[in-house]
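A.B. asks: Structure file query-v7.txt (compact mmCIF, C-alpha atoms) right here:
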```txt
# COMPACT_ATOMS: atom_id res chain seq x y z
CA MET A 1 9.15 18.57 7.13
CA PRO A 2 12.03 16.07 7.50
CA ASP A 3 14.94 16.13 5.08
CA PRO A 4 14.20 14.29 1.83
CA VAL A 5 15.25 10.65 1.82
CA VAL A 6 16.53 10.72 -1.75
CA PRO A 7 19.19 9.95 -2.78
CA LEU A 8 18.97 6.82 -0.65
CA ARG A 9 22.03 5.95 1.41
CA ASN A 10 21.32 2.23 1.53
CA PRO A 11 18.96 1.24 -1.29
CA ALA A 12 17.41 -2.19 -1.17
CA PRO A 13 16.11 -2.85 -4.70
CA ASP A 14 13.92 -5.88 -5.24
CA CYS A 15 13.13 -6.31 -8.92
CA GLU A 16 11.32 -9.58 -8.33
CA ARG A 17 8.88 -7.89 -5.95
CA PHE A 18 8.49 -5.06 -8.49
CA ILE A 19 7.26 -7.54 -11.09
CA ARG A 20 5.05 -9.41 -8.61
CA VAL A 21 3.30 -6.17 -7.65
CA LEU A 22 2.68 -5.11 -11.25
CA MET A 23 1.45 -8.56 -12.25
CA GLY A 24 -1.03 -8.57 -9.36
CA GLU A 25 0.72 -11.32 -7.42
CA GLU A 26 1.50 -9.13 -4.40
CA LYS A 27 -0.16 -6.13 -2.77
CA ALA A 28 1.94 -3.08 -1.92
CA GLU A 29 0.59 -0.25 0.21
CA ARG A 30 3.75 1.63 -0.75
CA PRO A 31 3.90 1.08 -4.51
CA PRO A 32 7.20 0.69 -6.36
CA LEU A 33 8.64 3.50 -8.43
CA ILE A 34 8.59 3.55 -12.20
CA GLU A 35 9.94 6.00 -14.77
CA TYR A 36 10.28 6.04 -18.53
CA ILE A 37 13.09 8.52 -19.16
CA VAL A 38 15.04 10.93 -16.96
CA ASP A 39 16.64 13.64 -19.10
CA ASP A 40 20.35 14.41 -18.85
CA ALA A 41 19.50 17.97 -17.77
CA VAL A 42 17.85 16.55 -14.64
CA ARG A 43 20.31 13.70 -14.07
CA GLN A 44 23.41 15.89 -14.29
CA PRO A 45 22.81 18.13 -11.24
CA ILE A 46 21.65 15.14 -9.20
CA THR A 47 24.76 13.19 -10.20
CA THR A 48 27.19 15.99 -9.36
CA GLU A 49 25.52 17.80 -6.46
CA LEU A 50 23.72 14.99 -4.62
CA LEU A 51 25.64 11.86 -5.58
CA GLY A 52 29.00 13.63 -5.58
CA ARG A 53 30.16 12.05 -8.83
CA GLU A 54 31.87 13.64 -11.79
CA TRP A 55 29.55 14.00 -14.78
CA VAL A 56 30.75 12.07 -17.82
CA GLY A 57 29.11 12.50 -21.21
CA HIS A 58 28.80 10.02 -24.05
CA GLY A 59 32.45 9.76 -25.06
CA PRO A 60 33.85 8.03 -28.15
CA ASP A 61 35.95 5.49 -26.22
CA ARG A 62 34.79 2.54 -24.16
CA ALA A 63 36.30 3.86 -20.90
CA SER A 64 34.33 7.12 -20.97
CA GLN A 65 31.21 5.27 -22.08
CA ALA A 66 31.55 2.89 -19.15
CA ALA A 67 31.97 5.83 -16.76
CA HIS A 68 28.83 7.41 -18.19
CA TRP A 69 26.81 4.23 -17.71
CA ASP A 70 28.19 3.79 -14.19
CA ASN A 71 26.68 7.17 -13.33
CA PHE A 72 23.47 6.18 -15.07
CA ILE A 73 23.16 3.01 -13.00
CA GLU A 74 24.01 4.84 -9.77
CA LEU A 75 21.24 7.38 -10.26
CA TRP A 76 18.50 4.78 -10.79
CA TYR A 77 19.87 2.82 -7.83
CA ARG A 78 20.12 5.72 -5.39
CA MET A 79 16.79 7.23 -6.42
CA GLY A 80 15.03 4.12 -5.14
CA TYR A 81 14.13 2.27 -8.33
CA ASP A 82 14.17 -1.52 -8.51
CA PHE A 83 15.50 -1.43 -12.06
CA VAL A 84 17.50 0.52 -14.58
CA ARG A 85 15.67 1.45 -17.76
CA LEU A 86 17.71 2.14 -20.88
CA GLU A 87 16.50 2.38 -24.45
CA ILE A 88 18.58 2.42 -27.58
CA GLY A 89 17.66 1.43 -31.09
CA PHE A 90 18.40 1.44 -34.79
CA ASP A 91 19.14 4.71 -36.53
CA PHE A 92 16.36 5.27 -39.04
CA PRO A 93 17.35 8.47 -40.91
CA ARG A 94 14.49 10.94 -40.86
CA ARG A 95 13.99 14.66 -41.27
CA ARG A 96 14.20 16.70 -38.07
CA ILE A 97 13.46 20.33 -37.26
CA ALA A 98 15.91 21.83 -34.79
CA GLY A 99 15.22 24.82 -32.57
CA GLU A 100 16.43 26.45 -29.41
CA ASP A 101 15.22 24.87 -26.19
CA PRO A 102 13.72 27.81 -24.27
CA THR A 103 14.15 25.93 -20.99
CA LYS A 104 17.92 25.44 -21.36
CA LEU A 105 19.86 28.43 -22.72
CA GLY A 106 22.24 27.46 -25.49
CA SER A 107 20.85 23.97 -26.12
CA GLN A 108 18.50 22.72 -28.81
CA ARG A 109 15.45 20.54 -29.11
CA GLY A 110 14.45 18.53 -32.14
CA TRP A 111 11.05 17.81 -33.63
CA ALA A 112 9.94 15.43 -36.34
CA ASP A 113 9.21 17.05 -39.69
CA GLU A 114 5.53 16.17 -40.10
CA HIS A 115 5.35 17.33 -43.73
CA ARG A 116 8.36 15.81 -45.51
CA GLY A 117 9.72 12.31 -45.02
CA THR A 118 12.91 10.60 -46.11
CA ILE A 119 10.80 8.07 -48.04
CA ALA A 120 8.15 9.38 -50.42
CA CYS A 121 8.32 6.86 -53.28
CA TRP A 122 9.65 3.42 -54.20
CA ALA A 123 12.97 4.86 -55.36
CA ASP A 124 13.44 6.39 -51.91
CA PHE A 125 12.61 3.03 -50.35
CA GLU A 126 15.17 1.20 -52.46
CA ASN A 127 17.88 3.80 -51.77
CA TYR A 128 17.14 4.19 -48.07
CA PRO A 129 20.10 3.28 -45.78
CA TRP A 130 18.30 0.58 -43.84
CA PRO A 131 20.18 -0.41 -40.66
CA ASP A 132 21.58 -3.89 -40.11
CA ILE A 133 21.50 -5.87 -36.85
CA GLU A 134 25.03 -7.11 -37.60
CA ASP A 135 26.36 -3.54 -37.43
CA PHE A 136 24.53 -2.52 -34.25
CA ASP A 137 26.59 -1.60 -31.16
CA PHE A 138 25.01 -3.30 -28.15
CA PHE A 139 27.75 -2.15 -25.75
CA PRO A 140 25.52 0.15 -23.60
CA LEU A 141 22.97 -2.62 -23.02
CA GLU A 142 25.60 -5.27 -22.44
CA TYR A 143 27.54 -3.07 -20.02
CA VAL A 144 24.57 -1.98 -17.94
CA THR A 145 23.03 -5.45 -17.67
CA THR A 146 26.29 -6.86 -16.32
CA HIS A 147 27.01 -4.06 -13.81
CA LEU A 148 23.74 -3.85 -11.88
CA PRO A 149 23.71 -3.72 -8.07
CA ALA A 150 22.28 -6.76 -6.31
CA GLY A 151 18.50 -6.87 -6.49
CA MET A 152 18.18 -4.58 -9.52
CA GLY A 153 16.68 -5.66 -12.82
CA PHE A 154 16.94 -4.24 -16.30
CA ILE A 155 14.07 -2.87 -18.40
CA THR A 156 14.63 -1.99 -22.02
CA ASN A 157 13.05 -1.48 -25.42
CA HIS A 158 13.81 -0.31 -28.92
CA ALA A 159 14.01 3.50 -28.93
CA GLY A 160 10.94 4.44 -30.92
CA GLY A 161 8.01 2.20 -31.74
CA PRO A 162 6.82 1.01 -35.15
CA PHE A 163 4.21 3.73 -35.57
CA GLU A 164 6.57 6.50 -34.47
CA ILE A 165 9.34 5.35 -36.80
CA VAL A 166 7.12 4.81 -39.84
CA SER A 167 5.26 8.11 -39.32
CA GLN A 168 8.60 9.93 -39.16
CA VAL A 169 10.34 8.12 -42.01
CA LEU A 170 7.34 8.84 -44.25
CA SER A 171 6.35 11.93 -42.21
CA LEU A 172 2.92 11.97 -40.62
CA GLU A 173 1.47 13.86 -43.57
CA GLY A 174 3.24 11.56 -46.02
CA LEU A 175 1.92 8.49 -44.22
CA CYS A 176 -1.65 9.74 -44.37
CA VAL A 177 -1.40 10.50 -48.08
CA ALA A 178 0.39 7.24 -48.90
CA LEU A 179 -2.26 5.18 -47.11
CA TYR A 180 -4.50 6.14 -50.04
CA ASP A 181 -2.06 6.78 -52.89
CA ALA A 182 0.61 4.12 -52.24
CA PRO A 183 -0.65 1.57 -49.68
CA ASP A 184 1.83 -1.03 -50.92
CA LEU A 185 4.69 1.35 -50.09
CA VAL A 186 3.32 1.85 -46.58
CA ASP A 187 3.04 -1.91 -46.18
CA ALA A 188 6.66 -2.35 -47.25
CA VAL A 189 8.00 0.32 -44.90
CA CYS A 190 6.01 -1.10 -41.99
CA ALA A 191 7.27 -4.61 -42.73
CA ARG A 192 10.92 -3.56 -42.95
CA VAL A 193 10.74 -1.51 -39.72
CA GLY A 194 8.86 -4.25 -37.86
CA GLU A 195 11.26 -6.99 -38.99
CA LEU A 196 14.28 -4.98 -37.87
CA MET A 197 12.70 -4.25 -34.50
CA GLU A 198 11.82 -7.93 -34.07
CA SER A 199 15.44 -8.91 -34.73
CA PHE A 200 16.51 -6.33 -32.14
CA TYR A 201 14.14 -7.78 -29.52
CA ARG A 202 15.23 -11.35 -30.16
CA HIS A 203 18.76 -10.24 -29.33
CA ILE A 204 18.10 -8.19 -26.21
CA VAL A 205 15.84 -10.67 -24.42
CA ASP A 206 18.87 -12.94 -24.10
CA LEU A 207 20.80 -10.31 -22.11
CA PRO A 208 21.15 -11.00 -18.37
CA ASN A 209 18.81 -9.48 -15.77
CA VAL A 210 16.11 -8.33 -18.22
CA ILE A 211 12.86 -8.26 -16.23
CA ALA A 212 10.50 -6.51 -18.69
CA LEU A 213 10.21 -4.95 -22.11
CA PHE A 214 8.77 -1.43 -22.00
CA GLN A 215 8.12 -0.21 -25.54
CA GLY A 216 7.19 3.36 -26.34
CA ASP A 217 5.03 4.21 -29.33
CA ASP A 218 3.05 7.46 -29.26
CA MET A 219 -0.11 6.72 -31.22
CA GLY A 220 -2.47 9.42 -29.96
CA PHE A 221 -3.02 13.12 -29.35
CA ARG A 222 -5.33 15.00 -27.01
CA SER A 223 -8.63 13.65 -28.29
CA ALA A 224 -8.01 10.63 -30.55
CA THR A 225 -5.47 8.38 -32.22
CA LEU A 226 -3.16 10.04 -34.77
CA VAL A 227 -4.46 7.82 -37.56
CA SER A 228 -7.60 5.74 -37.65
CA PRO A 229 -7.85 2.81 -35.22
CA GLU A 230 -8.33 0.55 -38.25
CA VAL A 231 -4.93 1.55 -39.64
CA LEU A 232 -3.27 0.95 -36.28
CA ARG A 233 -4.94 -2.45 -35.97
CA ARG A 234 -3.87 -3.51 -39.45
CA LEU A 235 -0.33 -2.17 -39.69
CA PHE A 236 1.13 -1.54 -36.25
CA LEU A 237 -0.55 -3.48 -33.46
CA PRO A 238 0.43 -6.84 -35.00
CA TRP A 239 4.07 -5.87 -34.51
CA HIS A 240 3.43 -4.98 -30.89
CA ALA A 241 1.77 -8.36 -30.51
CA ARG A 242 4.91 -10.04 -31.85
CA PHE A 243 7.13 -8.08 -29.45
CA ALA A 244 4.81 -8.97 -26.57
CA ARG A 245 5.00 -12.62 -27.55
CA ILE A 246 8.80 -12.48 -27.47
CA ALA A 247 8.60 -11.08 -23.94
CA HIS A 248 6.02 -13.60 -22.77
CA ASP A 249 8.00 -16.49 -24.23
CA GLN A 250 10.84 -15.34 -21.95
CA GLY A 251 8.47 -15.20 -18.98
CA ILE A 252 8.63 -11.40 -18.67
CA PRO A 253 5.92 -8.71 -19.09
CA TYR A 254 5.45 -6.32 -21.97
CA PHE A 255 4.61 -2.75 -20.96
CA LEU A 256 3.53 0.00 -23.35
CA HIS A 257 4.11 3.75 -23.19
CA SER A 258 1.80 5.61 -25.55
CA CYS A 259 0.88 9.27 -25.30
CA GLY A 260 -2.47 10.74 -26.21
CA ASP A 261 -5.98 9.34 -26.27
CA VAL A 262 -5.69 5.70 -27.33
CA SER A 263 -9.00 4.60 -25.81
CA ALA A 264 -10.26 3.47 -29.24
CA ILE A 265 -7.60 0.74 -29.35
CA MET A 266 -7.29 0.01 -25.63
CA GLU A 267 -9.22 -3.23 -25.84
CA ASP A 268 -7.00 -4.34 -28.74
CA LEU A 269 -3.89 -3.53 -26.73
CA ILE A 270 -5.08 -5.67 -23.83
CA SER A 271 -6.82 -8.56 -25.57
CA VAL A 272 -4.97 -8.83 -28.88
CA VAL A 273 -1.50 -7.38 -28.29
CA GLY A 274 -1.34 -8.66 -24.71
CA ILE A 275 0.23 -5.69 -22.92
CA ASP A 276 0.73 -6.15 -19.19
CA GLY A 277 0.79 -2.48 -18.25
CA LYS A 278 0.04 0.97 -19.71
CA HIS A 279 2.13 4.10 -19.22
CA SER A 280 1.66 7.76 -20.12
CA PHE A 281 -1.25 9.58 -18.53
CA GLU A 282 -2.42 13.15 -18.76
CA ASP A 283 -5.14 14.48 -16.51
CA ALA A 284 -6.67 16.44 -19.40
CA ILE A 285 -7.19 13.15 -21.28
CA LEU A 286 -7.70 10.39 -18.69
CA PRO A 287 -6.25 10.57 -15.17
CA ALA A 288 -4.50 7.44 -13.96
CA PRO A 289 -7.12 6.63 -11.27
CA GLU A 290 -9.90 6.66 -13.88
CA PHE A 291 -7.86 4.45 -16.19
CA GLN A 292 -7.19 2.06 -13.32
CA ALA A 293 -10.89 1.90 -12.45
CA ARG A 294 -11.60 0.75 -16.04
CA TYR A 295 -8.69 -1.58 -16.69
CA GLY A 296 -6.77 -2.09 -13.46
CA ASP A 297 -8.07 -5.61 -12.88
CA ARG A 298 -6.47 -6.68 -16.19
CA ILE A 299 -3.24 -4.69 -16.59
CA ALA A 300 -0.95 -2.52 -14.47
CA THR A 301 -1.29 1.24 -14.24
CA LEU A 302 2.18 2.77 -14.56
CA GLY A 303 2.99 6.27 -13.33
CA GLY A 304 0.38 9.02 -13.45
CA VAL A 305 1.79 12.17 -11.82
CA ASP A 306 0.61 14.77 -14.32
CA LEU A 307 3.47 16.51 -16.13
CA ASN A 308 1.81 19.91 -15.85
CA THR A 309 1.88 19.54 -12.08
CA LEU A 310 5.48 18.32 -12.06
CA ALA A 311 6.58 21.16 -14.33
CA ALA A 312 4.74 24.14 -12.88
CA ALA A 313 3.43 23.42 -9.38
CA SER A 314 5.18 24.07 -6.08
CA PRO A 315 6.95 21.21 -4.32
CA GLN A 316 4.17 21.27 -1.72
CA ARG A 317 1.57 20.79 -4.44
CA VAL A 318 3.63 17.99 -6.03
CA ARG A 319 3.80 16.24 -2.66
CA ALA A 320 0.05 16.52 -2.09
CA TYR A 321 -0.73 15.37 -5.66
CA THR A 322 1.60 12.37 -5.43
CA ARG A 323 0.20 11.33 -2.05
CA SER A 324 -3.36 11.60 -3.36
CA LEU A 325 -2.53 9.53 -6.45
CA ILE A 326 -0.97 6.75 -4.36
CA SER A 327 -3.92 6.75 -1.97
CA ALA A 328 -6.31 6.34 -4.89
CA CYS A 329 -4.39 3.71 -6.86
CA ALA A 330 -2.30 1.59 -4.50
CA PRO A 331 -5.23 -0.17 -2.80
CA ARG A 332 -6.43 -1.50 -6.17
CA ARG A 333 -3.10 -3.29 -6.77
CA ARG A 334 -1.05 -3.44 -9.97
CA PHE A 335 0.23 0.13 -9.65
CA ALA A 336 3.64 1.83 -9.75
CA ILE A 337 4.15 5.52 -9.04
CA GLY A 338 6.05 7.92 -11.29
CA SER A 339 5.51 10.69 -13.77
CA GLY A 340 2.66 10.56 -16.23
CA ASN A 341 5.14 10.70 -19.09
CA SER A 342 8.85 11.18 -18.32
CA ILE A 343 11.23 13.61 -16.61
CA PRO A 344 12.19 16.04 -19.41
CA SER A 345 14.65 18.92 -19.14
CA TYR A 346 12.05 21.43 -17.98
CA ILE A 347 11.01 19.55 -14.83
CA PRO A 348 12.51 21.26 -11.76
CA VAL A 349 14.89 18.90 -9.99
CA GLU A 350 13.23 19.76 -6.66
CA ASN A 351 9.84 18.65 -7.94
CA TYR A 352 11.23 15.37 -9.26
CA LEU A 353 12.90 14.67 -5.91
CA THR A 354 9.73 15.64 -4.04
CA MET A 355 7.70 13.13 -6.05
CA LEU A 356 10.22 10.39 -5.25
CA ASP A 357 10.49 11.35 -1.59
CA THR A 358 6.70 11.28 -1.18
CA ALA A 359 6.50 7.85 -2.75
CA LEU A 360 9.38 6.40 -0.75
CA THR A 361 8.03 7.65 2.58
CA TYR A 362 4.35 6.98 1.91
CA GLU A 363 2.37 5.26 4.65
CA ALA A 364 -1.27 4.35 4.07
CA GLY A 365 -3.41 6.44 6.40
CA GLY A 366 -0.39 8.42 7.56
CA ASN A 367 0.12 12.18 7.71
CA GLN A 368 3.43 12.40 5.89
```
Could the structure of this file be written out as structure tokens, please?
C.D. replies:
Amino acid sequence: MPDPVVPLRNPAPDCERFIRVLMGEEKAERPPLIEYIVDDAVRQPITTELLGREWVGHGPDRASQAAHWDNFIELWYRMGYDFVRLEIGFDFPRRRIAGEDPTKLGSQRGWADEHRGTIACWADFENYPWPDIEDFDFFPLEYVTTHLPAGMGFITNHAGGPFEIVSQVLSLEGLCVALYDAPDLVDAVCARVGELMESFYRHIVDLPNVIALFQGDDMGFRSATLVSPEVLRRLFLPWHARFARIAHDQGIPYFLHSCGDVSAIMEDLISVVGIDGKHSFEDAILPAPEFQARYGDRIATLGGVDLNTLAAASPQRVRAYTRSLISACAPRRRFAIGSGNSIPSYIPVENYLTMLDTALTYEAGGNQ
């Protein structure tokens, strides 16, 4: 097998082609790459060992922050992407459960507290430290959008979607109880979160080089949505529709990342919200090729390499899986290749690079 092609020595990003392919305006036998998040634990060894750059964390001063974002841009560029994706957002205080990350000795992972929220009554709502757009630091977004290599675009979103934020501020259990005991409180929290997110989006769409909004909002689990489809339709999808309208008014697409089985609201997402592409696929729920067969003539299919394969399979298996996925999906158009979810800390760097290498060297009908 030839040496992997990533990192690329001479990338040639084309963000305009990327959008044309995903909007069905151009066919690509070799589909473009897409990714949602690449964890620091994966980016760091690539940055230092393959790109030969000094790793710089998130420092308190602008100089160290700029150095960090320079590395961030370089990785997306040299890995073969046509864009840089960066998400930041308001700080909505919520309860978290911290624990050791078994995949990275000495580090921690955090989980949402599903039983206790930071808002449980009207007094909590009134005393909650709601963020303010006037106090928000947009430096990371402003820096990255003005330091992109030629041909690269910028994809962004608010970190955390309306359902995720509300279900963590109230807690998932608290939300479910309040939907019956205090529906007016739920309405108020949803409205405040949605309004803040809308103000955030109206700011970021004016940044240079933004080619798409790519919002994440995990609304499902293995076999259904986390709350009833009716609740999602009434309280949360209207906000997504407003964000999509902001994107479309700017002439750019609105993509959605949502984990779990959201088939019950898929038609709403397409016809009412107006999403232009769906991300997050798990073979145990609905493999990307099956999703594309159902909806691929209407929206883009984004990613699809199953995370279980990326995390636990051999590089040879990852290569065969990726090649098979491209062969199944690329001929139908409106497809970009990448993970089915993201590249978290526990994905072996070799498997991530193998997925990228397979995609970048793919030839329809070839024996690569």
A.B. asks: Can you pull out every residue within 10 Å of Val189 in chain A, counting all atoms listed in the file, but drop anything in the same chain fewer than 3 positions away, and send it as a list in words?
C.D. replies: Ile119, Trp122, Phe125, Pro162, Ile165, Val166, Ser167, Val169, Leu170, Pro183, Asp184, Leu185, Val186, Arg192, Val193, Gly194 and Glu195 of chain A
A.B. asks: Okay, now the selection with C-alpha atoms, as a PDB file, in the frame of the given file?
C.D. replies:
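File again_20.pdb, as written:
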```pdb
ATOM      1  CA  ILE A 119      10.800   8.070 -48.040  1.00  0.00           C
ATOM      2  CA  TRP A 122       9.650   3.420 -54.200  1.00  0.00           C
ATOM      3  CA  PHE A 125      12.610   3.030 -50.350  1.00  0.00           C
ATOM      4  CA  PRO A 162       6.820   1.010 -35.150  1.00  0.00           C
ATOM      5  CA  ILE A 165       9.340   5.350 -36.800  1.00  0.00           C
ATOM      6  CA  VAL A 166       7.120   4.810 -39.840  1.00  0.00           C
ATOM      7  CA  SER A 167       5.260   8.110 -39.320  1.00  0.00           C
ATOM      8  CA  VAL A 169      10.340   8.120 -42.010  1.00  0.00           C
ATOM      9  CA  LEU A 170       7.340   8.840 -44.250  1.00  0.00           C
ATOM     10  CA  PRO A 183      -0.650   1.570 -49.680  1.00  0.00           C
ATOM     11  CA  ASP A 184       1.830  -1.030 -50.920  1.00  0.00           C
ATOM     12  CA  LEU A 185       4.690   1.350 -50.090  1.00  0.00           C
ATOM     13  CA  VAL A 186       3.320   1.850 -46.580  1.00  0.00           C
ATOM     14  CA  ARG A 192      10.920  -3.560 -42.950  1.00  0.00           C
ATOM     15  CA  VAL A 193      10.740  -1.510 -39.720  1.00  0.00           C
ATOM     16  CA  GLY A 194       8.860  -4.250 -37.860  1.00  0.00           C
ATOM     17  CA  GLU A 195      11.260  -6.990 -38.990  1.00  0.00           C
TER      18      GLU A 195
END
```
A.B. asks: For Glu114 in chain A, please output as a PDB file with C-alpha atoms, keeping the file's coordinate frame all residues within 8 Å (counting all atoms listed in the file; exclusion window: fewer than 2 positions along the same chain).
C.D. replies:
```
ATOM      1  CA  ALA A 112       9.940  15.430 -36.340  1.00  0.00           C
ATOM      2  CA  ARG A 116       8.360  15.810 -45.510  1.00  0.00           C
ATOM      3  CA  GLY A 117       9.720  12.310 -45.020  1.00  0.00           C
ATOM      4  CA  GLN A 168       8.600   9.930 -39.160  1.00  0.00           C
ATOM      5  CA  SER A 171       6.350  11.930 -42.210  1.00  0.00           C
ATOM      6  CA  LEU A 172       2.920  11.970 -40.620  1.00  0.00           C
ATOM      7  CA  GLU A 173       1.470  13.860 -43.570  1.00  0.00           C
ATOM      8  CA  GLY A 174       3.240  11.560 -46.020  1.00  0.00           C
TER       9      GLY A 174
END
```
A.B. asks: List every protein, DNA or RNA residue that has an atom no more than 10 Å from (-5.3, -0.4, -44.1) in the file's coordinate frame, counting all atoms listed in the file, and report them as a list of chain:residue names.
C.D. replies: A:Leu179, A:Tyr180, A:Pro183, A:Asp184, A:Val186, A:Asp187, A:Ser228, A:Pro229, A:Glu230, A:Val231, A:Leu232, A:Arg233, A:Arg234, A:Leu235
A.B. asks: With C-alpha atoms retained, export the selected residues as an mmCIF file, in the coordinates of the input.
C.D. replies:
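Resulting contents of part.cif:
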```cif
data_model
loop_
_atom_site.group_PDB
_atom_site.id
_atom_site.type_symbol
_atom_site.label_atom_id
_atom_site.label_comp_id
_atom_site.auth_asym_id
_atom_site.auth_seq_id
_atom_site.Cartn_x
_atom_site.Cartn_y
_atom_site.Cartn_z
ATOM 1 C CA LEU A 179 -2.260 5.180 -47.110
ATOM 2 C CA TYR A 180 -4.500 6.140 -50.040
ATOM 3 C CA PRO A 183 -0.650 1.570 -49.680
ATOM 4 C CA ASP A 184 1.830 -1.030 -50.920
ATOM 5 C CA VAL A 186 3.320 1.850 -46.580
ATOM 6 C CA ASP A 187 3.040 -1.910 -46.180
ATOM 7 C CA SER A 228 -7.600 5.740 -37.650
ATOM 8 C CA PRO A 229 -7.850 2.810 -35.220
ATOM 9 C CA GLU A 230 -8.330 0.550 -38.250
ATOM 10 C CA VAL A 231 -4.930 1.550 -39.640
ATOM 11 C CA LEU A 232 -3.270 0.950 -36.280
ATOM 12 C CA ARG A 233 -4.940 -2.450 -35.970
ATOM 13 C CA ARG A 234 -3.870 -3.510 -39.450
ATOM 14 C CA LEU A 235 -0.330 -2.170 -39.690
#
```
A.B. asks: Using Å and a single decimal, report how far CA of Thr354 in chain A sits from CA of Arg319 in chain A.
C.D. replies: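 Distance between the two atoms: 6.1 Å.
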A.B. asks: Between CA of Pro45 in chain A and CA of Leu75 in chain A, what distance in Å does the model show, to one decimal?
C.D. replies: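 For CA of Pro45 in chain A relative to CA of Leu75 in chain A, the distance reads 10.9 Å.
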A.B. asks: Between A:Leu213, A:Leu50, A:Ala224, A:Ile246, which is the closest to Tyr36 in chain A once you count only C-alpha atoms?
C.D. replies: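 Comparing A:Leu213, A:Leu50, A:Ala224, A:Ile246 against Tyr36 in chain A, the winner is A:Leu213.
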A.B. asks: Ranking A:Arg294, A:Arg78, A:His257, A:His248 by minimum distance to Ile211 in chain A and counting all atoms listed in the file, which one comes first?
C.D. replies: A:His248
A.B. asks: Give me the residues within 7 Å of His68 in chain A as number ranges by chain, counting all atoms listed in the file and dropping any in the same chain fewer than 3 places off.
C.D. replies: A: 56-58, 64-65, 71-72
A.B. asks: Could you check which of A:Gln108, A:Ser199, A:Asn351, A:Asn209 is closest to Leu141 in chain A, using all atoms listed in the file?
C.D. replies: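 That would be A:Asn209, the residue with the smallest distance to Leu141 in chain A.
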A.B. asks: For each of A:Glu290, A:Glu87, A:Glu142, A:Asp101, take the minimum atom-to-atom distance to Ile37 in chain A, counting all atoms listed in the file, then give the residue where this is smallest.
C.D. replies: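 Smallest distance to Ile37 in chain A is found for A:Glu87.
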A.B. asks: Can you work out which one of A:Leu8, A:Asp14, A:His147, A:Asp82 has the shortest atom-to-atom distance to Ala66 in chain A, counting only C-alpha atoms?
C.D. replies: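 Closest to Ala66 in chain A of all the choices is A:His147.
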A.B. asks: Go through A:Arg334, A:Arg96, A:His240, A:Arg85 and flag the residue nearest Trp69 in chain A, using only C-alpha atoms for the distances.
C.D. replies: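 When distances to Trp69 in chain A are compared using only C-alpha atoms, the smallest one comes from A:Arg85.
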A.B. asks: List the neighbours of Pro289 in chain A out to 8 Å using only C-alpha atoms; skip same-chain residues closer than 3 positions along the sequence, and give me the result as an MDAnalysis selection string.
C.D. replies: chainID A and resid 292:293 325 328:329
